[in-house]
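Next comes structure.cif, with mmCIF, C-alpha atoms and all ligand atoms.
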data_coords
loop_
_atom_site.label_atom_id
_atom_site.label_comp_id
_atom_site.auth_asym_id
_atom_site.auth_seq_id
_atom_site.Cartn_x
_atom_site.Cartn_y
_atom_site.Cartn_z
CA MET E 242 -15.58 -19.06 -21.20
CA THR E 243 -13.86 -19.98 -17.97
CA GLU E 244 -15.78 -20.00 -14.73
CA SER E 245 -14.03 -18.74 -11.62
CA GLN E 246 -13.57 -21.14 -8.73
CA ASN E 247 -14.50 -18.32 -6.42
CA SER E 248 -17.95 -17.23 -7.55
CA ASP E 249 -18.04 -14.11 -5.31
CA ALA E 250 -14.92 -12.63 -6.87
CA PHE E 251 -15.27 -9.74 -9.30
CA VAL E 252 -11.54 -9.77 -9.99
CA ALA E 253 -9.50 -12.93 -9.58
CA PHE E 254 -5.86 -13.81 -10.23
CA GLU E 255 -5.36 -17.55 -10.09
CA ARG E 256 -1.76 -18.80 -9.87
CA VAL E 257 -0.57 -16.06 -12.21
CA GLN E 258 3.03 -15.89 -13.33
CA LYS E 259 4.64 -13.42 -15.70
CA SER E 260 7.96 -13.40 -17.46
CA TYR E 261 8.89 -10.84 -20.13
CA ASP E 262 12.05 -12.60 -21.29
CA GLY E 263 11.08 -16.27 -20.84
CA GLU E 264 13.62 -16.61 -18.01
CA THR E 265 12.96 -14.50 -14.95
CA LEU E 266 9.55 -14.36 -13.33
CA VAL E 267 8.60 -10.80 -12.38
CA VAL E 268 5.26 -12.05 -11.02
CA LYS E 269 5.40 -15.36 -9.16
CA ASP E 270 2.35 -17.47 -8.39
CA LEU E 271 -0.02 -14.62 -7.66
CA ASN E 272 -3.40 -15.41 -6.14
CA LEU E 273 -5.82 -12.61 -5.45
CA SER E 274 -9.56 -12.41 -5.22
CA MET E 275 -11.50 -9.16 -4.93
CA PRO E 276 -15.23 -8.78 -4.24
CA LYS E 277 -17.19 -6.17 -6.20
CA GLY E 278 -16.79 -2.66 -4.83
CA GLU E 279 -13.53 -3.32 -3.03
CA PHE E 280 -10.78 -0.69 -2.94
CA LEU E 281 -7.51 -2.60 -3.03
CA THR E 282 -4.06 -1.05 -3.04
CA MET E 283 -0.88 -2.66 -4.30
CA LEU E 284 2.06 -1.30 -2.34
CA GLY E 285 5.66 -2.30 -2.78
CA PRO E 286 9.15 -1.29 -3.83
CA SER E 287 10.04 -0.26 -7.36
CA GLY E 288 10.24 -3.23 -9.71
CA SER E 289 8.17 -5.54 -7.49
CA GLY E 290 5.61 -6.23 -10.24
CA LYS E 291 2.71 -3.86 -9.48
CA THR E 292 2.37 -2.24 -12.92
CA THR E 293 2.80 -5.64 -14.57
CA CYS E 294 -0.21 -6.92 -12.59
CA LEU E 295 -2.31 -3.91 -13.65
CA MET E 296 -1.32 -4.35 -17.29
CA MET E 297 -2.32 -8.02 -17.20
CA LEU E 298 -5.62 -7.16 -15.54
CA ALA E 299 -6.28 -4.51 -18.19
CA GLY E 300 -5.49 -7.07 -20.90
CA PHE E 301 -2.44 -5.20 -22.28
CA GLU E 302 -0.05 -7.95 -21.20
CA THR E 303 -0.80 -11.65 -21.10
CA ALA E 304 0.01 -13.88 -18.16
CA THR E 305 2.73 -16.46 -18.83
CA HIS E 306 0.86 -18.92 -16.58
CA GLY E 307 -2.41 -18.89 -14.70
CA LYS E 308 -5.71 -17.11 -15.21
CA ILE E 309 -7.12 -13.64 -14.65
CA LEU E 310 -10.88 -13.42 -14.39
CA LEU E 311 -13.19 -10.44 -14.49
CA ASP E 312 -16.65 -11.24 -13.16
CA GLY E 313 -15.93 -14.93 -13.72
CA VAL E 314 -14.78 -14.55 -17.34
CA SER E 315 -11.16 -14.81 -18.48
CA ILE E 316 -9.90 -11.32 -19.37
CA ASN E 317 -8.44 -12.69 -22.61
CA ASN E 318 -11.95 -13.52 -23.81
CA ILE E 319 -13.38 -10.03 -23.24
CA PRO E 320 -12.81 -7.60 -26.13
CA PRO E 321 -11.17 -4.31 -25.04
CA HIS E 322 -14.25 -2.12 -25.65
CA LYS E 323 -16.36 -4.40 -23.46
CA ARG E 324 -13.97 -4.45 -20.52
CA GLY E 325 -15.45 -1.33 -18.90
CA ILE E 326 -12.15 -0.56 -17.21
CA GLY E 327 -11.07 2.99 -16.37
CA MET E 328 -7.34 3.47 -16.23
CA VAL E 329 -4.80 6.00 -15.04
CA PHE E 330 -1.31 5.10 -16.24
CA GLN E 331 1.98 6.05 -14.62
CA ASN E 332 2.65 8.36 -17.61
CA TYR E 333 -0.92 9.80 -17.93
CA ALA E 334 -1.33 8.89 -21.66
CA LEU E 335 -3.70 11.73 -22.58
CA PHE E 336 -4.55 12.26 -26.27
CA PRO E 337 -2.24 15.16 -27.21
CA HIS E 338 -4.29 16.46 -30.15
CA MET E 339 -7.50 16.76 -28.12
CA THR E 340 -8.42 19.42 -25.59
CA VAL E 341 -8.96 18.50 -21.96
CA ALA E 342 -12.75 18.44 -22.46
CA GLU E 343 -12.42 16.30 -25.60
CA ASN E 344 -10.17 13.87 -23.76
CA LEU E 345 -12.89 13.39 -21.17
CA SER E 346 -15.73 13.29 -23.65
CA PHE E 347 -14.06 10.58 -25.73
CA PRO E 348 -14.85 7.56 -23.51
CA LEU E 349 -18.47 8.78 -23.34
CA GLU E 350 -18.72 9.09 -27.15
CA VAL E 351 -17.37 5.55 -27.50
CA ARG E 352 -20.24 4.51 -25.22
CA LYS E 353 -22.72 6.38 -27.39
CA GLN E 354 -23.85 8.89 -24.78
CA GLY E 355 -25.71 12.01 -25.93
CA LYS E 356 -24.18 15.50 -26.17
CA SER E 357 -25.89 17.14 -23.18
CA GLU E 358 -25.23 14.11 -20.97
CA ARG E 359 -21.59 14.14 -22.04
CA GLU E 360 -21.19 17.84 -21.32
CA GLU E 361 -22.72 17.48 -17.88
CA LYS E 362 -20.50 14.51 -16.98
CA VAL E 363 -17.35 16.18 -18.30
CA ARG E 364 -18.12 19.32 -16.28
CA ARG E 365 -18.68 17.33 -13.09
CA ALA E 366 -15.52 15.25 -13.56
CA LEU E 367 -13.39 18.35 -14.20
CA ASP E 368 -14.82 20.07 -11.13
CA MET E 369 -13.99 17.04 -9.05
CA VAL E 370 -10.30 17.37 -9.94
CA GLN E 371 -10.44 21.19 -9.69
CA MET E 372 -9.80 21.64 -13.42
CA GLY E 373 -13.11 23.24 -14.38
CA ASP E 374 -11.44 26.24 -16.07
CA PHE E 375 -9.07 24.18 -18.23
CA GLY E 376 -11.49 22.39 -20.58
CA ASN E 377 -10.21 24.14 -23.71
CA ARG E 378 -6.49 23.60 -23.17
CA ARG E 379 -4.44 20.84 -24.73
CA PRO E 380 -2.39 18.48 -22.52
CA ALA E 381 0.91 20.10 -23.60
CA GLN E 382 -0.34 23.39 -22.13
CA LEU E 383 -0.75 21.87 -18.66
CA SER E 384 1.64 21.19 -15.78
CA GLY E 385 2.41 17.58 -14.83
CA GLY E 386 0.04 17.66 -11.87
CA GLN E 387 -2.74 19.16 -14.00
CA GLN E 388 -2.27 16.45 -16.64
CA GLN E 389 -2.42 13.85 -13.92
CA ARG E 390 -5.74 15.23 -12.68
CA VAL E 391 -7.19 15.20 -16.20
CA ALA E 392 -6.09 11.57 -16.59
CA LEU E 393 -7.84 10.77 -13.33
CA ALA E 394 -11.04 12.53 -14.42
CA ARG E 395 -10.97 10.69 -17.75
CA ALA E 396 -10.69 7.31 -16.00
CA LEU E 397 -13.72 8.03 -13.84
CA VAL E 398 -15.97 10.05 -16.15
CA PHE E 399 -17.76 7.04 -17.66
CA GLU E 400 -18.40 5.47 -14.26
CA PRO E 401 -16.57 2.23 -15.01
CA GLU E 402 -17.14 -0.91 -12.97
CA LEU E 403 -13.41 -1.39 -12.49
CA VAL E 404 -10.76 1.32 -12.20
CA LEU E 405 -7.03 0.69 -12.31
CA MET E 406 -4.83 3.52 -11.10
CA ASP E 407 -1.05 3.52 -11.21
CA GLU E 408 0.37 6.24 -8.94
CA PRO E 409 -2.44 8.62 -9.93
CA LEU E 410 -1.50 11.35 -7.45
CA GLY E 411 2.30 11.17 -7.63
CA ALA E 412 2.72 14.61 -9.21
CA LEU E 413 0.49 16.53 -6.81
CA ASP E 414 1.39 18.63 -3.77
CA LYS E 415 0.39 17.41 -0.32
CA GLN E 416 -2.80 19.44 0.01
CA LEU E 417 -4.18 18.60 -3.43
CA ARG E 418 -3.12 15.02 -2.97
CA GLU E 419 -5.08 14.69 0.26
CA HIS E 420 -8.10 16.33 -1.33
CA MET E 421 -7.96 13.92 -4.29
CA GLN E 422 -7.51 10.90 -2.02
CA PHE E 423 -10.77 11.85 -0.36
CA GLU E 424 -12.57 12.46 -3.68
CA ILE E 425 -11.43 9.16 -5.18
CA THR E 426 -12.41 6.97 -2.23
CA ASN E 427 -15.74 8.77 -1.84
CA LEU E 428 -16.62 8.37 -5.50
CA ALA E 429 -15.49 4.75 -5.61
CA HIS E 430 -17.64 3.88 -2.61
CA GLU E 431 -20.62 5.94 -3.77
CA LEU E 432 -20.70 4.34 -7.23
CA GLY E 433 -19.62 0.89 -6.05
CA ILE E 434 -16.55 1.00 -8.31
CA THR E 435 -14.05 -1.80 -7.80
CA THR E 436 -10.61 -0.20 -7.63
CA VAL E 437 -7.05 -1.48 -7.91
CA TYR E 438 -4.75 1.32 -6.87
CA VAL E 439 -0.95 1.38 -6.99
CA THR E 440 1.13 3.67 -4.83
CA HIS E 441 4.55 3.97 -3.18
CA ASP E 442 3.04 6.08 -0.43
CA GLN E 443 2.15 3.93 2.53
CA THR E 444 0.07 6.57 4.29
CA GLU E 445 -2.02 6.86 1.15
CA ALA E 446 -2.37 3.07 1.02
CA LEU E 447 -3.41 2.81 4.65
CA THR E 448 -5.91 5.68 4.59
CA MET E 449 -7.66 4.92 1.27
CA SER E 450 -7.93 1.15 1.06
CA ASP E 451 -10.24 -1.61 2.19
CA ARG E 452 -7.27 -3.97 1.81
CA VAL E 453 -3.61 -3.50 0.98
CA ALA E 454 -1.47 -6.08 -0.85
CA VAL E 455 2.20 -5.66 0.00
CA PHE E 456 4.37 -6.73 -2.95
CA ASP E 457 7.98 -7.72 -2.94
CA ASP E 458 9.90 -9.60 -5.59
CA GLY E 459 6.83 -10.55 -7.65
CA ARG E 460 4.89 -11.95 -4.70
CA ILE E 461 2.22 -10.72 -2.35
CA GLN E 462 3.92 -10.81 1.04
CA GLN E 463 0.73 -10.05 2.93
CA ILE E 464 -2.75 -8.90 2.01
CA ALA E 465 -4.94 -7.50 4.74
CA ALA E 466 -6.97 -4.55 6.00
CA PRO E 467 -4.76 -1.54 6.85
CA ASP E 468 -5.03 -1.94 10.63
CA VAL E 469 -4.22 -5.66 10.48
CA LEU E 470 -1.25 -5.02 8.22
CA TYR E 471 0.14 -2.34 10.49
CA GLU E 472 -0.54 -4.08 13.80
CA SER E 473 0.00 -7.70 12.81
CA PRO E 474 2.67 -7.92 10.12
CA GLU E 475 3.34 -11.55 9.25
CA ASN E 476 6.98 -11.20 8.29
CA SER E 477 9.94 -8.87 8.67
CA PHE E 478 9.58 -7.38 5.19
CA VAL E 479 6.03 -6.19 5.88
CA ALA E 480 6.94 -4.94 9.38
CA GLN E 481 9.80 -2.88 7.93
CA PHE E 482 7.94 -1.66 4.86
CA ILE E 483 4.75 -0.46 6.58
CA GLY E 484 5.20 2.29 9.12
CA GLU E 485 8.11 2.86 11.42
CA ASN E 486 9.47 -0.24 13.10
CA ASN E 487 12.09 -1.10 15.71
CA THR E 488 14.01 -4.32 15.35
CA LEU E 489 16.14 -6.27 17.81
CA GLU E 490 18.00 -9.44 16.85
CA GLY E 491 18.13 -12.56 18.94
CA THR E 492 17.68 -16.32 19.20
CA ILE E 493 14.58 -18.25 20.25
CA LYS E 494 15.12 -19.91 23.65
CA GLU E 495 11.70 -21.40 24.15
CA ILE E 496 8.17 -21.30 22.69
CA LYS E 497 5.22 -21.91 25.02
CA GLY E 498 1.85 -21.37 23.32
CA ASP E 499 1.60 -17.71 22.42
CA LEU E 500 4.75 -16.68 24.21
CA ALA E 501 8.31 -16.96 22.94
CA VAL E 502 11.33 -16.32 25.11
CA VAL E 503 14.03 -14.61 23.06
CA GLU E 504 17.65 -14.11 24.02
CA LEU E 505 18.74 -10.81 22.53
CA ASP E 506 22.27 -10.59 21.17
CA ASP E 507 23.45 -8.71 24.26
CA GLY E 508 22.26 -11.57 26.49
CA GLU E 509 19.02 -10.00 27.72
CA LEU E 510 15.91 -12.24 27.77
CA ILE E 511 12.57 -10.87 26.58
CA ASP E 512 9.08 -12.23 25.95
CA ALA E 513 7.56 -11.89 22.49
CA LYS E 514 4.63 -13.16 20.47
CA PRO E 515 5.83 -15.95 18.16
CA VAL E 516 4.64 -15.09 14.64
CA ASN E 517 6.74 -16.87 12.07
CA VAL E 518 9.28 -18.66 14.19
CA SER E 519 8.99 -22.33 15.00
CA LYS E 520 11.65 -23.74 17.31
CA PRO E 521 14.37 -23.02 19.89
CA GLY E 522 17.75 -22.16 18.42
CA GLU E 523 16.21 -20.29 15.47
CA ARG E 524 17.37 -16.73 14.77
CA THR E 525 14.65 -14.08 14.94
CA THR E 526 14.06 -10.41 14.40
CA ILE E 527 11.87 -8.80 17.03
CA SER E 528 9.55 -6.05 15.81
CA ILE E 529 8.07 -3.31 18.03
CA ARG E 530 6.23 -0.17 16.86
CA PRO E 531 7.67 3.09 18.26
CA GLU E 532 4.32 4.21 19.67
CA ARG E 533 3.90 0.97 21.65
CA VAL E 534 6.99 1.70 23.71
CA GLU E 535 6.40 3.52 27.01
CA VAL E 536 8.91 5.65 28.87
CA ASP E 537 6.56 5.86 31.82
CA VAL E 538 6.59 2.07 32.38
CA LYS E 539 4.19 2.27 35.36
CA LYS E 540 1.38 2.89 32.83
CA LEU E 541 1.78 -0.65 31.47
CA GLY E 542 1.06 -2.61 34.68
CA ASP E 543 3.01 -5.69 35.78
CA LYS E 544 2.87 -7.61 32.47
CA ALA E 545 5.29 -5.12 30.96
CA HIS E 546 8.72 -6.04 29.81
CA THR E 547 11.31 -3.38 30.62
CA LEU E 548 14.78 -2.61 29.34
CA LYS E 549 17.39 0.00 30.18
CA ALA E 550 18.09 2.58 27.53
CA GLU E 551 20.16 5.70 26.98
CA VAL E 552 18.82 8.71 25.12
CA ALA E 553 20.85 9.38 21.95
CA GLU E 554 18.80 12.13 20.33
CA PHE E 555 15.59 14.08 20.96
CA ILE E 556 13.69 15.25 17.87
CA TYR E 557 10.87 17.76 18.21
CA MET E 558 8.27 17.24 15.46
CA GLY E 559 5.42 19.45 16.62
CA ASP E 560 2.59 17.06 17.42
CA VAL E 561 4.91 14.25 18.49
CA PHE E 562 8.36 13.82 19.99
CA ARG E 563 10.63 11.31 18.36
CA THR E 564 13.41 10.06 20.59
CA ARG E 565 16.28 7.87 19.43
CA LEU E 566 17.64 5.50 22.06
CA LYS E 567 20.55 3.14 22.59
CA VAL E 568 19.01 -0.22 23.54
CA ALA E 569 20.51 -3.73 23.70
CA GLY E 570 23.68 -2.72 21.88
CA LYS E 571 21.89 -0.84 19.07
CA ASP E 572 21.53 2.92 18.68
CA ASP E 573 18.59 3.21 16.29
CA PHE E 574 15.67 2.40 18.59
CA ILE E 575 12.92 5.01 18.08
CA ILE E 576 10.11 5.89 20.42
CA LYS E 577 7.28 8.30 19.68
CA THR E 578 5.42 10.23 22.34
CA ARG E 579 2.57 12.68 22.01
CA ASN E 580 3.36 16.33 22.70
CA SER E 581 1.18 16.78 25.79
CA ALA E 582 1.65 19.18 28.68
CA ASP E 583 2.95 16.47 31.02
CA GLN E 584 5.18 14.68 28.51
CA GLN E 585 8.82 15.12 29.42
CA ARG E 586 11.41 15.99 26.78
CA LEU E 587 14.28 13.55 27.15
CA LYS E 588 17.86 14.79 26.92
CA PRO E 589 20.78 13.07 25.19
CA GLY E 590 22.84 11.06 27.67
CA GLU E 591 19.90 10.52 30.04
CA GLN E 592 19.38 6.95 31.34
CA VAL E 593 15.77 5.75 31.11
CA GLU E 594 13.75 2.60 31.50
CA ILE E 595 11.48 1.72 28.59
CA GLY E 596 8.79 -0.93 28.46
CA TRP E 597 6.17 -2.61 26.32
CA LEU E 598 3.59 -5.37 26.51
CA PRO E 599 4.70 -8.80 25.22
CA GLU E 600 1.81 -8.89 22.71
CA ASP E 601 3.17 -5.72 21.02
CA CYS E 602 6.50 -7.38 20.50
CA ARG E 603 6.51 -9.81 17.56
CA ALA E 604 9.09 -12.50 16.86
CA LEU E 605 9.50 -12.59 13.06
CA ASP E 606 11.90 -14.19 10.57
CA ALA E 607 15.53 -13.13 10.85
CA VAL E 608 16.60 -10.59 8.25
N1 LIG V 701 7.90 -4.41 -20.97
C1 LIG V 701 8.82 -4.96 -20.20
N2 LIG V 701 9.81 -5.76 -20.70
C2 LIG V 701 10.73 -6.34 -19.91
N3 LIG V 701 10.77 -6.19 -18.57
C3 LIG V 701 9.84 -5.43 -18.00
C4 LIG V 701 8.81 -4.76 -18.77
N4 LIG V 701 8.02 -4.07 -17.93
C5 LIG V 701 8.52 -4.28 -16.69
N5 LIG V 701 9.60 -5.09 -16.71
C6 LIG V 701 10.38 -5.57 -15.55
O1 LIG V 701 9.49 -6.28 -14.68
C7 LIG V 701 9.76 -5.99 -13.32
C8 LIG V 701 8.49 -5.47 -12.67
O2 LIG V 701 8.19 -4.22 -13.25
P1 LIG V 701 6.89 -3.37 -12.87
O3 LIG V 701 6.80 -2.25 -13.84
O4 LIG V 701 5.72 -4.30 -12.79
O5 LIG V 701 7.28 -2.87 -11.41
P2 LIG V 701 6.52 -1.84 -10.44
O6 LIG V 701 6.26 -2.60 -9.17
O7 LIG V 701 5.36 -1.25 -11.13
O8 LIG V 701 7.64 -0.75 -10.17
P3 LIG V 701 7.54 0.87 -10.00
O9 LIG V 701 7.10 1.06 -8.58
O10 LIG V 701 8.94 1.32 -10.21
O11 LIG V 701 6.58 1.41 -11.00
C9 LIG V 701 10.92 -5.02 -13.32
O12 LIG V 701 12.10 -5.73 -13.05
C10 LIG V 701 10.93 -4.44 -14.72
O13 LIG V 701 12.22 -4.09 -15.13
MG MG V 702 4.97 0.69 -11.79
#

Take the structure I supplied and represent it as structure tokens, if you would.
Amino acid sequence: MTESQNSDAFVAFERVQKSYDGETLVVKDLNLSMPKGEFLTMLGPSGSGKTTCLMMLAGFETATHGKILLDGVSINNIPPHKRGIGMVFQNYALFPHMTVAENLSFPLEVRKQGKSEREEKVRRALDMVQMGDFGNRRPAQLSGGQQQRVALARALVFEPELVLMDEPLGALDKQLREHMQFEITNLAHELGITTVYVTHDQTEALTMSDRVAVFDDGRIQQIAAPDVLYESPENSFVAQFIGENNTLEGTIKEIKGDLAVVELDDGELIDAKPVNVSKPGERTTISIRPERVEVDVKKLGDKAHTLKAEVAEFIYMGDVFRTRLKVAGKDDFIIKTRNSADQQRLKPGEQVEIGWLPEDCRALDAV
């Protein structure tokens, strides 16, 4: 048995690499350590290695290099029936010859639970996914979203210590999806289940997770709590991938402590927070969230940086107004304002002054 270097970790990836063909690495030097009870989401573009990581953690694929530990023990040394892992696959993988209720009862039978206990647990799990009336149907007689909910119930019914879910709500409509998000996080926290969750939906990732790992190209680009990830992205990929983001290109003029002076490509000088830039002359991409930009610049006080802008488009979205501006030679600068009684609706062609605080403006790597 292999002891983990990090004794607190319930799940640990240590320098894990994976190649399917012996040439290209689809997972590159992955390090990840999760305490018991954590809800962690892997978020990233298609093909970035998320499912591969889940499959290795489940023991269905082996790592080409490195170690994966579950409660301090290498996953390769734990026989499948002792892994205690609940899983929802991207393609559901229900047993086609069994009814819905039998599908759910199966993991309980394997664990030698009695009939009345099984029936009670199956009933509760089906109610949780709003499938209480479907116990006698077979998977082929269900819609995609219904099958997905049964797969979810089956992964949770035996109260596993670790649950791996790969896009478990992808086939559901918005309302059901939001309901299930709430049910899953509640149950996971109530039972202390450690969860690794995969999704493409960033709102889902931000609202459900204790931490989010942003994947790109087989690497974790940043792993952090949702608010940290959104407010303090460490590189341009994360800033662009999570939430809406405005970018301006320029060159570093000077770095003094926590202030960088950036010359934008149209010649304008602005102050920014240096994040992953190191020296004058370096190209940078500035990142500013749309909701951190003020049209009423007086609200910001005298630390604000202001720029002239022209309104290109006004988009009414109900609760918020989204306005597209021409700024510093670009025409895709978005600002978001709340629809309040005193909020003015800007008109295309109008000249405005916009502003932000230097700490909301991050100097990141050039893209
Ligand atoms: N069994 C396999 N054999 C060979 N290559 C594979 C296999 N499974 C996945 N890959 C490749 O590994 C890379 C990572 O795939 P993976 O399924 O982990 O991505 P993902 O992040 O889950 O993507 P998606 O969001 O589309 O589900 C991809 O380039 C994919 O083509
Ligand atoms: Mg996948």

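What separates atom CA of Gln416 of chain E from atom CA of Cys294 of chain E is a distance of 29.3 Å.
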
Need to verify the contact set: segment 379-386 of chain E, 12 Å, all atoms listed in the file, exclusion of same-chain residues closer than 2 positions in sequence. Can you return it as an MDAnalysis selection string?
chainID E and resid 331:345 370:372 374:377 388:393 408:415 417:418 421

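Comparing the minimum interatomic distances between ligand LIG 701 (chain V) and each of E:Leu548, E:Leu505, E:Ile595, E:Leu295, counting all atoms listed in the file, we find that E:Leu295 sits nearest.
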
Just want the 8 Å neighbourhood of segment 477-480 of chain E, counted on only C-alpha atoms, with same-chain residues fewer than 5 positions away dropped. Output as a PDB file with C-alpha atoms, keeping the file's coordinate frame.
ATOM      1  CA  VAL E 455       2.200  -5.660   0.000  1.00  0.00           C
ATOM      2  CA  GLN E 462       3.920 -10.810   1.040  1.00  0.00           C
ATOM      3  CA  GLN E 463       0.730 -10.050   2.930  1.00  0.00           C
ATOM      4  CA  LEU E 470      -1.250  -5.020   8.220  1.00  0.00           C
ATOM      5  CA  TYR E 471       0.140  -2.340  10.490  1.00  0.00           C
ATOM      6  CA  ASN E 486       9.470  -0.240  13.100  1.00  0.00           C
ATOM      7  CA  THR E 526      14.060 -10.410  14.400  1.00  0.00           C
ATOM      8  CA  SER E 528       9.550  -6.050  15.810  1.00  0.00           C
ATOM      9  CA  LEU E 605       9.500 -12.590  13.060  1.00  0.00           C
ATOM     10  CA  ASP E 606      11.900 -14.190  10.570  1.00  0.00           C
ATOM     11  CA  ALA E 607      15.530 -13.130  10.850  1.00  0.00           C
ATOM     12  CA  VAL E 608      16.600 -10.590   8.250  1.00  0.00           C
TER      13      VAL E 608
END

Using all atoms listed in the file, find each protein or nucleic acid residue lying at most 10 Å from ligand LIG 701 (chain V); present the set as a ChimeraX atom specification.
/E:259-263,265-268,283-297,302,331,407-408,439-441,456-459

Shell around segment 304-309 of chain E at 8 Å using all atoms listed in the file, local window under 4 positions removed, as a CSV table (one decimal) with C-alpha atoms, in the coordinates of the input:
chain,number,residue,atom,x,y,z
E,252,VAL,CA,-11.5,-9.8,-10.0
E,253,ALA,CA,-9.5,-12.9,-9.6
E,254,PHE,CA,-5.9,-13.8,-10.2
E,255,GLU,CA,-5.4,-17.6,-10.1
E,256,ARG,CA,-1.8,-18.8,-9.9
E,257,VAL,CA,-0.6,-16.1,-12.2
E,258,GLN,CA,3.0,-15.9,-13.3
E,259,LYS,CA,4.6,-13.4,-15.7
E,260,SER,CA,8.0,-13.4,-17.5
E,297,MET,CA,-2.3,-8.0,-17.2
E,298,LEU,CA,-5.6,-7.2,-15.5
E,315,SER,CA,-11.2,-14.8,-18.5
E,316,ILE,CA,-9.9,-11.3,-19.4

Distance atom CA of Lys577 of chain E-atom CA of Phe555 of chain E, one decimal place?
10.2 Å

Here atom CA of Ile496 of chain E and atom CA of Ser473 of chain E stand apart by 18.7 Å

Hey, which of E:Arg395, E:Arg603, E:His322, E:Arg460 ends up closest to Glu472 of chain E? Count all atoms listed in the file.
E:Arg603
